[in-house]
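Notes for the one structure printed next.
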Amino acid sequence: MCDTLVALGKTTSDGAVIFAKNSDRDINEGHRILYFPRQTYDPDKDRVKTTYLEIPQVEESYAMILSSPYWMYGCEMGSNEWGVTIGNEAVFTKEPERDSGLLGMDLIRLALERSKTASKALDIIIALLTEYGQGGIASAEHKTKYHNSFIIADLHEAWVLETADKFWIAEKVENIRTLSNTLTIENKFDRIHPQLIEHAIKKGYCNSKKDFNFRKNFKRSFPDYRDWGAKGWKRHQISTNKLLANEGKIDPSTMMKILRSHYKEKSEWNPSKGSFECICLHIRPIFVLSQTTSSMVSHLHPDLQTHWMTGTAAPCTSLFKPFFLESGLINLGPLPTNKFDPKSLWWKHEIIHRSVLLDYETRIRLLKPDIDYYEEKWVKNLQRLLPSLKSMSLEERLNKLTEFSKKAVDEALEVENKWLKDLKKVSLKKKSGGWYYRKLWRKESEKAGLEQIQ
C-alpha cells in the first residue's frame, strides 16, 4: 500500500510544484536509489527488458533518478531531467488481474525515460497500457497482482490517471491531489478510454451514461479485504485534509511531515498498533503485512529541482537527503537486495529502524531531534545557495550541487552511526507489541541474515 501527493504552485509557499510519495512494500524488500544518464539507442535493434516483457526501445531516453524495489525493472517513484515526476498506487478493481504485462512500476520508468511533460507521460502510459496491458506479480514475496493509479507531475501541471485492466480515466489536477489504494475519480474527468462507459454499461456496473461513476462502478466491492481492509479511501481523505490545512504554505518540509504521519500521534501509540490509516505504514501482524520502505519529496522549482529521498524504510526513523538529478547521483554504496548487507544504505538503516521498533516510545526520542536539526539545516543551506547558483558556470554549478548532496549524505551517515551507538546504550523499558509482534520481526530478520537486534 502507498500514498502519493502533489501540490501545484498556487498552493505552495514559493509557487513550485511539490510531489511526495511513500512506497509501501514487503518487510525485507530493499529499496534502491538509482540514476540513469541520457542515452541513445537503435530502435530497430535495441530492446527493453522490463520485469516480465521485452519491448522495443526508443531512440533516446532521458536522465532519471528513481526509487525502486531491488528486484524489478521499474520504480515506485522517480523524476527525469525535464522535471516529469511520477508515483503509482495499487488499486483493486472488478476487472481481471492478468498474469503477464507491464507492472505499474514499469510504466513509470518507461514514461519517465520518454517524456518531456506530464501530459506526454500520460499519453505514453496510455499507449503502453493499450499495446501491452498491465499484469504480473508485483511483490517480491507474495503472489499479489493489482491495477494501478498514478500521479504524473511536471514543473507546471499534474494529472491523475486511474486504470482498471486496459481501461483508463484521467483528471487534470487543479490545486492539490492525493492518491491511496483505491479509485478516486468519479464522474468528473478530463480524458477517458473511448469504450470505458460502454463497457461499464455492458458489464452491468451502471445502467446508463448518466449513472456512470468510475470509482463506484469499478471499485471492487466489500468484503474484498484488499480494498476495504487497506482503507485507501480513508487515507486519501486524511492526506487530502492535511494538504488543505496547509494550502498556500506547502513546502518540502510540509510533505515530509505528512509522509511521517501516523493515524494516532499520541505518546502511547507505537508501530505494533499500526493501521492502514497510517501514511507512514508499519507492520502489524495479521492486519498490516507491508511497511513504508522508501520515501521521496520532489521540489520541482524552475531554478533547481531537489529530490529529498530517504532510500531507507520508515520515514519517521529516516532522514530525507537532498539529491539533484542534473549533477548525477553520488556513491551510496552497494545496492540492497532482500539480504542484509552492512555496507548498504538501506540495510544499515534497518538495524536502527528495527531497534527503534522494539521500544518505539522511548527510542524514537533519540532520533527526532537530529532529524529535525539536519533536515532544517539542509533546507536553509540550500535556500542560501540557490541565488549564487544562477551566476555560476555550468561546471561550477554541478560541482557545487554534488558537493552539497555529498556533504548531506555524509552527515546523515555520521548521525546514523551515532544513533547505532546511542541505541545500544538504551535498555528496553517498555517493549512494543506482544510476543507475536516481536517474533515476526525476529523471523524476518533471520530470513534476511540480520542478527537479532536488541
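Here's how to read the names in the C-alpha cells: chain A, B, ... by the order shown, residue numbers from 1 in each chain, ligand numbers from 1 in the order shown.
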Quick one: residues within 12 Å of Leu423 (chain A), only C-alpha atoms, excluding same-chain residues fewer than 6 positions away - as a list in words?
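These residues fall inside the cut-off: Ile351, Ile352, His353, Arg354, Ser355, Val356, Leu357, Leu358, Asp359, Tyr360, Thr362, Arg363, Ile364, Arg365, Leu366, Leu367, Glu416, Asn417, Ile453 and Gln454 of chain A.
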Would you give me, as CSV, each residue of region 79-119 of chain A having an atom within 12 Å of an atom of region 196-214 of chain A, along with its shortest atom pair and that distance in Å to one decimal, using only C-alpha atoms and sorting by chain and residue number?
residue,atom,partner,partner_atom,distance
A:Thr93,CA,A:Phe214,CA,10.3
A:Lys94,CA,A:Tyr205,CA,9.2
A:Glu95,CA,A:Lys203,CA,10.0
Give me the residues within 10 Å of Met105 (chain A) as an MDAnalysis selection string, counting only C-alpha atoms and dropping any in the same chain fewer than 4 places off.
chainID A and resid 50:51 68:69 72:78 86:90 109:110 138 148 150
Every residue of region 256-425 of chain A that DSSP places in strand (DSSP E or B), as number ranges by chain
A: 284, 288, 291-301, 304-309, 321-323
Write a file of the selected residues as a short mmCIF file (atom, residue, chain, number, x, y, z; two decimals), in the first residue's frame, keeping C-alpha atoms.
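Output below, filename part.cif:
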data_model
loop_
_atom_site.label_atom_id
_atom_site.label_comp_id
_atom_site.auth_asym_id
_atom_site.auth_seq_id
_atom_site.Cartn_x
_atom_site.Cartn_y
_atom_site.Cartn_z
CA ARG A 284 1.08 -5.12 12.31
CA VAL A 288 -0.89 -4.99 8.09
CA GLN A 291 5.58 -1.21 5.52
CA THR A 292 6.95 2.03 4.09
CA THR A 293 10.28 1.02 2.56
CA SER A 294 11.29 4.33 0.96
CA SER A 295 10.04 7.92 0.67
CA MET A 296 10.54 10.82 -1.72
CA VAL A 297 9.65 14.51 -1.85
CA SER A 298 10.40 16.32 -5.13
CA HIS A 299 10.58 20.12 -5.06
CA LEU A 300 10.10 21.00 -8.75
CA HIS A 301 11.32 24.59 -8.68
CA LEU A 304 16.55 23.95 -9.09
CA GLN A 305 14.79 20.63 -8.78
CA THR A 306 15.60 18.95 -5.48
CA HIS A 307 14.68 15.37 -4.73
CA TRP A 308 14.55 14.68 -0.99
CA MET A 309 14.85 10.90 -0.67
CA LYS A 321 18.56 13.61 1.98
CA PRO A 322 18.91 16.05 -0.98
CA PHE A 323 19.75 14.79 -4.46
#
Kindly give the distance, in Å, that separates CA of Leu413 (chain A) and CA of Leu332 (chain A), rounded to a single decimal.
10.2 Å
Select from region 94-222 of chain A everything DSSP, run on the backbone, classes as helix (DSSP H, G or I), then give the selection as a PyMOL selection string.
chain A and resi 104-114+118-132+196-202+209-211+214-218
